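> Here you go, run09.txt (compact mmCIF, C-alpha atoms):
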```txt
# COMPACT_ATOMS: atom_id res chain seq x y z
CA MET A 263 19.48 -22.47 16.19
CA THR A 264 20.05 -21.78 19.88
CA ASN A 265 17.29 -21.68 22.43
CA ALA A 266 17.71 -17.91 22.77
CA SER A 267 17.34 -17.25 19.05
CA GLY A 268 14.48 -19.69 18.83
CA SER A 269 12.72 -17.84 21.63
CA LEU A 270 13.16 -14.52 19.83
CA ALA A 271 11.77 -16.01 16.64
CA GLY A 272 8.72 -17.16 18.55
CA GLN A 273 8.35 -13.74 20.15
CA PHE A 274 8.39 -12.08 16.74
CA PHE A 275 5.73 -14.43 15.37
CA ASP A 276 3.60 -13.78 18.45
CA SER A 277 4.00 -10.01 18.00
CA ALA A 278 3.13 -10.16 14.32
CA ILE A 279 0.12 -12.37 14.97
CA GLY A 280 -1.03 -9.99 17.71
CA LEU A 281 -0.82 -7.02 15.35
CA LEU A 282 -2.68 -8.93 12.65
CA GLN A 283 -5.44 -9.70 15.14
CA GLN A 284 -5.59 -6.02 16.09
CA VAL A 285 -6.09 -4.85 12.53
CA ARG A 286 -8.47 -7.71 11.74
CA ASP A 287 -10.74 -6.76 14.64
CA GLY A 288 -10.14 -3.02 14.86
CA GLU A 289 -9.92 -2.02 11.19
CA SER A 290 -12.72 -4.11 9.70
CA LYS A 291 -14.86 -1.05 8.94
CA SER A 292 -12.05 0.87 7.27
CA VAL A 293 -10.97 -2.18 5.27
CA ALA A 294 -14.57 -2.67 4.13
CA ALA A 295 -14.85 1.01 3.18
CA ALA A 296 -11.60 0.88 1.21
CA GLY A 297 -12.60 -2.29 -0.60
CA THR A 298 -16.03 -0.90 -1.44
CA MET A 299 -14.51 2.32 -2.78
CA MET A 300 -12.21 0.31 -5.03
CA ALA A 301 -15.09 -1.88 -6.21
CA ASP A 302 -17.14 1.23 -7.02
CA THR A 303 -14.23 2.54 -9.09
CA VAL A 304 -13.71 -0.71 -10.98
CA GLU A 305 -17.42 -0.99 -11.73
CA ALA A 306 -17.46 2.58 -13.02
CA GLY A 307 -14.56 1.89 -15.38
CA GLY A 308 -11.94 3.70 -13.28
CA ARG A 309 -8.36 2.77 -12.56
CA LEU A 310 -6.51 1.79 -9.38
CA PHE A 311 -3.06 2.92 -8.27
CA ALA A 312 -0.84 2.18 -5.29
CA PHE A 313 2.10 4.19 -4.00
CA GLY A 314 4.63 3.76 -1.24
CA ALA A 315 8.19 4.98 -0.65
CA GLY A 316 11.06 3.06 0.90
CA HIS A 317 9.95 -0.09 2.65
CA SER A 318 6.37 1.17 2.42
CA SER A 319 6.67 0.48 -1.30
CA LEU A 320 6.83 -3.27 -0.65
CA PRO A 321 3.11 -3.70 0.19
CA ALA A 322 2.29 -1.54 -2.85
CA GLN A 323 4.44 -3.67 -5.15
CA ASP A 324 2.95 -6.81 -3.62
CA VAL A 325 -0.51 -6.12 -5.09
CA VAL A 326 0.66 -5.28 -8.63
CA TYR A 327 0.83 -7.95 -11.36
CA ARG A 328 0.73 -11.02 -9.19
CA ALA A 329 -1.06 -14.35 -9.13
CA GLY A 330 -4.35 -14.11 -7.29
CA GLY A 331 -4.24 -10.32 -7.52
CA LEU A 332 -6.43 -7.74 -9.16
CA ALA A 333 -5.10 -7.06 -12.66
CA LEU A 334 -6.14 -3.40 -12.47
CA MET A 335 -3.75 -2.48 -9.65
CA ASN A 336 -1.01 -0.20 -10.98
CA LEU A 337 2.13 0.99 -9.22
CA LEU A 338 2.56 4.76 -9.14
CA VAL A 339 6.33 5.10 -9.31
CA VAL A 340 8.38 7.97 -7.96
CA PRO A 341 11.89 7.33 -9.31
CA GLY A 342 14.47 6.80 -6.60
CA THR A 343 12.00 6.12 -3.79
CA LEU A 344 11.07 2.46 -4.28
CA GLY A 345 13.67 1.16 -1.86
CA VAL A 346 17.21 -0.12 -1.69
CA ASP A 347 17.52 -0.44 -5.47
CA VAL A 348 18.81 3.14 -5.59
CA MET A 349 22.40 3.96 -4.64
CA PRO A 350 23.01 5.30 -2.13
CA ALA A 351 19.98 3.81 -0.39
CA THR A 352 19.76 6.89 1.82
CA LEU A 353 18.81 8.96 -1.23
CA GLY A 354 15.35 7.41 -1.18
CA SER A 355 14.79 8.65 2.36
CA ALA A 356 15.97 12.10 1.37
CA LEU A 357 13.61 12.24 -1.61
CA GLU A 358 10.64 11.55 0.68
CA ARG A 359 11.27 14.99 2.18
CA VAL A 360 11.46 16.92 -1.10
CA ASP A 361 8.64 19.40 -1.64
CA GLY A 362 6.96 19.43 -5.06
CA LEU A 363 7.98 15.95 -6.15
CA ALA A 364 4.53 14.40 -5.69
CA GLY A 365 2.81 17.00 -7.83
CA ALA A 366 5.24 16.50 -10.69
CA VAL A 367 4.73 12.74 -10.58
CA LEU A 368 0.94 12.97 -10.55
CA ASP A 369 0.87 15.50 -13.37
CA SER A 370 2.76 13.07 -15.62
CA SER A 371 0.87 9.96 -14.52
CA PRO A 372 -2.15 8.37 -16.23
CA ALA A 373 -4.32 8.92 -13.15
CA GLN A 374 -7.61 10.73 -13.83
CA PRO A 375 -10.46 12.14 -11.74
CA GLY A 376 -12.48 9.36 -10.15
CA ASP A 377 -9.56 6.92 -9.98
CA VAL A 378 -8.36 5.53 -6.64
CA LEU A 379 -4.87 5.99 -5.24
CA VAL A 380 -3.78 3.92 -2.25
CA ILE A 381 -0.94 5.69 -0.43
CA ILE A 382 1.09 3.57 1.96
CA SER A 383 3.27 5.35 4.49
CA LEU A 384 4.09 3.95 7.89
CA SER A 385 4.67 7.31 9.56
CA GLY A 386 2.64 9.46 7.17
CA ARG A 387 4.78 12.43 8.23
CA ASN A 388 7.07 13.03 5.25
CA ALA A 389 6.41 15.59 2.54
CA LEU A 390 6.07 13.06 -0.27
CA PRO A 391 3.08 11.01 0.96
CA VAL A 392 1.36 14.08 2.40
CA GLU A 393 1.68 16.04 -0.84
CA MET A 394 0.77 12.97 -2.86
CA ALA A 395 -2.54 12.75 -1.02
CA MET A 396 -3.19 16.51 -1.19
CA ASN A 397 -2.44 16.72 -4.91
CA ALA A 398 -4.36 13.55 -5.74
CA ARG A 399 -7.52 14.84 -4.10
CA ALA A 400 -7.09 18.22 -5.79
CA LEU A 401 -7.02 16.36 -9.11
CA GLY A 402 -10.24 14.54 -8.25
CA LEU A 403 -8.81 11.19 -7.21
CA LYS A 404 -10.10 9.24 -4.23
CA VAL A 405 -7.37 8.54 -1.69
CA ILE A 406 -7.01 5.57 0.64
CA GLY A 407 -4.24 5.96 3.23
CA VAL A 408 -2.65 2.97 4.92
CA THR A 409 -0.59 4.34 7.80
CA SER A 410 0.10 4.12 11.51
CA THR A 411 -1.87 6.94 13.07
CA ALA A 412 0.23 6.69 16.25
CA TYR A 413 2.92 8.71 14.48
CA ALA A 414 0.55 11.67 14.17
CA THR A 415 0.30 11.94 17.95
CA GLU A 416 3.91 11.15 18.86
CA THR A 417 6.03 12.67 16.07
CA LYS A 418 6.24 16.00 14.25
CA SER A 419 5.12 16.31 10.64
CA ARG A 420 7.85 17.04 8.11
CA HIS A 421 5.41 18.75 5.76
CA THR A 422 5.14 22.54 5.82
CA SER A 423 1.43 22.30 6.61
CA GLY A 424 2.10 20.36 9.80
CA THR A 425 -0.36 17.71 8.64
CA TYR A 426 -0.04 13.98 8.08
CA LEU A 427 -1.17 11.53 5.42
CA LYS A 428 -4.21 10.63 7.48
CA ASP A 429 -5.47 14.21 7.22
CA HIS A 430 -5.87 14.06 3.44
CA CYS A 431 -7.60 10.73 2.80
CA ASP A 432 -11.12 9.64 1.99
CA VAL A 433 -10.49 6.42 3.91
CA VAL A 434 -7.76 5.78 6.49
CA VAL A 435 -6.70 2.24 7.36
CA ASP A 436 -4.61 2.23 10.53
CA SER A 437 -1.84 -0.38 10.52
CA ARG A 438 -1.48 0.09 14.29
CA ILE A 439 2.28 -0.33 14.10
CA PRO A 440 4.02 1.14 17.19
CA ILE A 441 6.43 4.04 16.82
CA GLY A 442 9.81 2.87 15.58
CA ASP A 443 8.57 -0.29 13.81
CA ALA A 444 10.58 -2.77 15.87
CA GLU A 445 8.82 -5.43 17.88
CA LEU A 446 11.62 -6.90 19.99
CA THR A 447 14.23 -5.92 22.53
CA ALA A 448 16.78 -8.22 24.15
CA GLU A 449 19.68 -8.09 26.54
CA GLY A 450 22.93 -7.51 24.73
CA ILE A 451 21.23 -5.92 21.72
CA ASP A 452 21.46 -2.14 21.89
CA ALA A 453 18.52 -1.19 19.66
CA PRO A 454 14.97 -2.50 19.14
CA PHE A 455 14.72 -4.89 16.20
CA ALA A 456 12.42 -7.15 14.13
CA PRO A 457 10.03 -4.81 12.24
CA ALA A 458 6.54 -6.09 11.44
CA SER A 459 5.08 -3.28 9.35
CA THR A 460 5.57 -5.09 6.03
CA VAL A 461 3.79 -8.21 7.28
CA VAL A 462 0.84 -6.25 8.64
CA THR A 463 0.52 -3.71 5.84
CA SER A 464 0.75 -6.37 3.13
CA ALA A 465 -1.99 -8.30 4.91
CA LEU A 466 -4.15 -5.18 5.05
CA MET A 467 -3.67 -4.61 1.33
CA GLN A 468 -4.68 -8.18 0.53
CA ALA A 469 -7.70 -7.87 2.84
CA ILE A 470 -8.79 -4.69 1.04
CA LEU A 471 -8.47 -6.38 -2.36
CA ALA A 472 -10.31 -9.47 -1.12
CA THR A 473 -13.14 -7.15 -0.11
CA THR A 474 -13.03 -5.52 -3.54
CA ALA A 475 -13.31 -8.89 -5.26
CA GLY A 476 -16.21 -9.93 -3.06
CA GLU A 477 -18.06 -6.67 -3.66
CA LEU A 478 -17.69 -6.94 -7.43
CA ALA A 479 -18.86 -10.54 -7.45
CA ALA A 480 -21.89 -9.66 -5.33
CA ARG A 481 -22.83 -7.04 -7.93
CA GLY A 482 -22.45 -9.45 -10.80
CA VAL A 483 -19.37 -7.66 -12.11
CA GLU A 484 -16.47 -9.73 -13.46
CA VAL A 485 -13.48 -9.70 -11.11
CA PRO A 486 -10.38 -9.16 -13.30
CA LEU A 487 -7.98 -11.43 -11.43
CA LEU A 488 -4.64 -12.80 -12.55
CA ARG A 489 -3.72 -16.46 -12.25
CA SER A 490 -0.37 -18.05 -11.64
CA GLY A 491 1.68 -18.57 -14.78
CA ASN A 492 2.93 -21.78 -13.17
CA VAL A 493 -0.41 -23.57 -13.41
CA ASP A 494 -1.86 -25.01 -16.60
CA GLY A 495 -3.87 -22.42 -18.49
CA GLY A 496 -2.51 -19.53 -16.44
CA HIS A 497 -0.80 -17.73 -19.32
CA GLU A 498 -3.88 -17.99 -21.52
CA TRP A 499 -6.12 -16.69 -18.74
CA ASN A 500 -3.83 -13.76 -18.01
CA GLY A 501 -3.46 -12.91 -21.70
CA ARG A 502 -7.22 -12.54 -22.00
CA VAL A 503 -7.52 -10.39 -18.87
CA LEU A 504 -4.60 -8.15 -19.81
CA LYS A 505 -6.04 -7.61 -23.28
CA GLU A 506 -9.62 -7.06 -22.16
CA TYR A 507 -8.66 -4.52 -19.49
CA GLY A 508 -5.63 -3.09 -21.26
CA ASP A 509 -6.93 0.49 -21.14
CA ARG A 510 -6.72 0.40 -17.35
CA ILE A 511 -3.42 -1.47 -16.99
CA PHE A 512 -0.21 0.57 -17.24
CA TYR A 513 2.54 -1.83 -16.17
CA ARG A 514 2.68 -3.29 -19.70
CA HIS A 515 3.33 -0.03 -21.52
```
I need this file expressed as structure tokens, please.


Amino acid sequence: MTNASGSLAGQFFDSAIGLLQQVRDGESKSVAAAGTMMADTVEAGGRLFAFGAGHSSLPAQDVVYRAGGLALMNLLVVPGTLGVDVMPATLGSALERVDGLAGAVLDSSPAQPGDVLVIISLSGRNALPVEMAMNARALGLKVIGVTSTAYATETKSRHTSGTYLKDHCDVVVDSRIPIGDAELTAEGIDAPFAPASTVVTSALMQAILATTAGELAARGVEVPLLRSGNVDGGHEWNGRVLKEYGDRIFYRH
């Protein structure tokens, strides 16, 4: 690795660390509120869902069926929008702008009134996340939005209402990602590069779930966590959890 590339790597780490410090210090109240809402839902017997489109789906997928994660987190899937698994990849971006898609997905999902839906959208400006939040609340779900609120002041909404994801949430967690999601610029490179939204948003999701776990434990409620299948006893532990909470887990059906 050359000195120049090494310097850019260091700059990216510094940028990512700076953003993580910003959300740690500036979003502690919203993270706590989101975690408490999820704990309330788990304690009441409700279910938890996460949704994101494109690269915003990665932090949602990261909290579903994983070691150290909450077994009750379910992925709300909108076919064709999860990321680059669809061909052409640009179709996923196009689907985010289709009116009516969110309502159809929610109507056929197992989500019920009182459940929690976490909607992750960096810009929060496309029709899909906005309608997902609007329809979810109309159905009686509680909505947590994880988004960069900067987009609401510096870009135009693509939803017919002119609103953004943040306008239709019970709790908003601001990822504080700058417009464009690229942390670096350099001479000889024509466009900004090195996005950090996945790092920061995934960390926020884990922080929310850590809060949820702590809240449940403080109330004397069992925390339905999954263990690694690569440690002794992990499969047996997970089998018990998946069976005991099977009525609230939908990634096995």

> Point out the residue among A:Leu384, A:Met467, A:Ile279, A:Ala458 with the least atom-to-atom distance to Ala322 in chain A, counting all atoms listed in the file.

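Answer, going by the shortest atom-to-atom distance: A:Met467.
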
> Would you mind reading off the distance between CA of Ala373 in chain A and CA of Asn336 in chain A, one decimal, in Å?

9.9 Å

> Need to verify the contact set: Gly442 in chain A, 10 Å, only C-alpha atoms, exclusion of same-chain residues closer than 2 positions in sequence. Can you return it as a PyMOL selection string?

chain A and resi 384-385+413+439-440+444-445+454-455+457+459

> Would you mind exporting the chosen residues as a short mmCIF file (atom, residue, chain, number, x, y, z; two decimals), in the frame of the given file, restricted to C-alpha atoms?


```
data_model
loop_
_atom_site.label_atom_id
_atom_site.label_comp_id
_atom_site.auth_asym_id
_atom_site.auth_seq_id
_atom_site.Cartn_x
_atom_site.Cartn_y
_atom_site.Cartn_z
CA LEU A 384 4.09 3.95 7.89
CA SER A 385 4.67 7.31 9.56
CA TYR A 413 2.92 8.71 14.48
CA ILE A 439 2.28 -0.33 14.10
CA PRO A 440 4.02 1.14 17.19
CA ALA A 444 10.58 -2.77 15.87
CA GLU A 445 8.82 -5.43 17.88
CA PRO A 454 14.97 -2.50 19.14
CA PHE A 455 14.72 -4.89 16.20
CA PRO A 457 10.03 -4.81 12.24
CA SER A 459 5.08 -3.28 9.35
#
```

> Go through A:Met299, A:Leu466, A:Lys428, A:Asp369 one by one, measure the shortest atom-to-atom distance of each to Asp287 in chain A using all atoms listed in the file, and give the residue with the smallest value.

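Looking only at the distances to Asp287 in chain A, the closest residue turns out to be A:Leu466.
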
> Nearest to Ile382 in chain A: which of A:Tyr513, A:Tyr327, A:Tyr426, A:Phe313 is it, counting only C-alpha atoms?

A:Phe313

> Pick from A:Arg514, A:Lys418, A:Arg387, A:Arg502: nearest to Val326 in chain A, with all atoms listed in the file counted?

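The answer is A:Arg514, which sits nearest to Val326 in chain A.
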
> Which residue, A:Met300, A:Ala315, A:Ala479, A:Ala448, has the smallest gap to Val348 in chain A when you use all atoms listed in the file?

A:Ala315
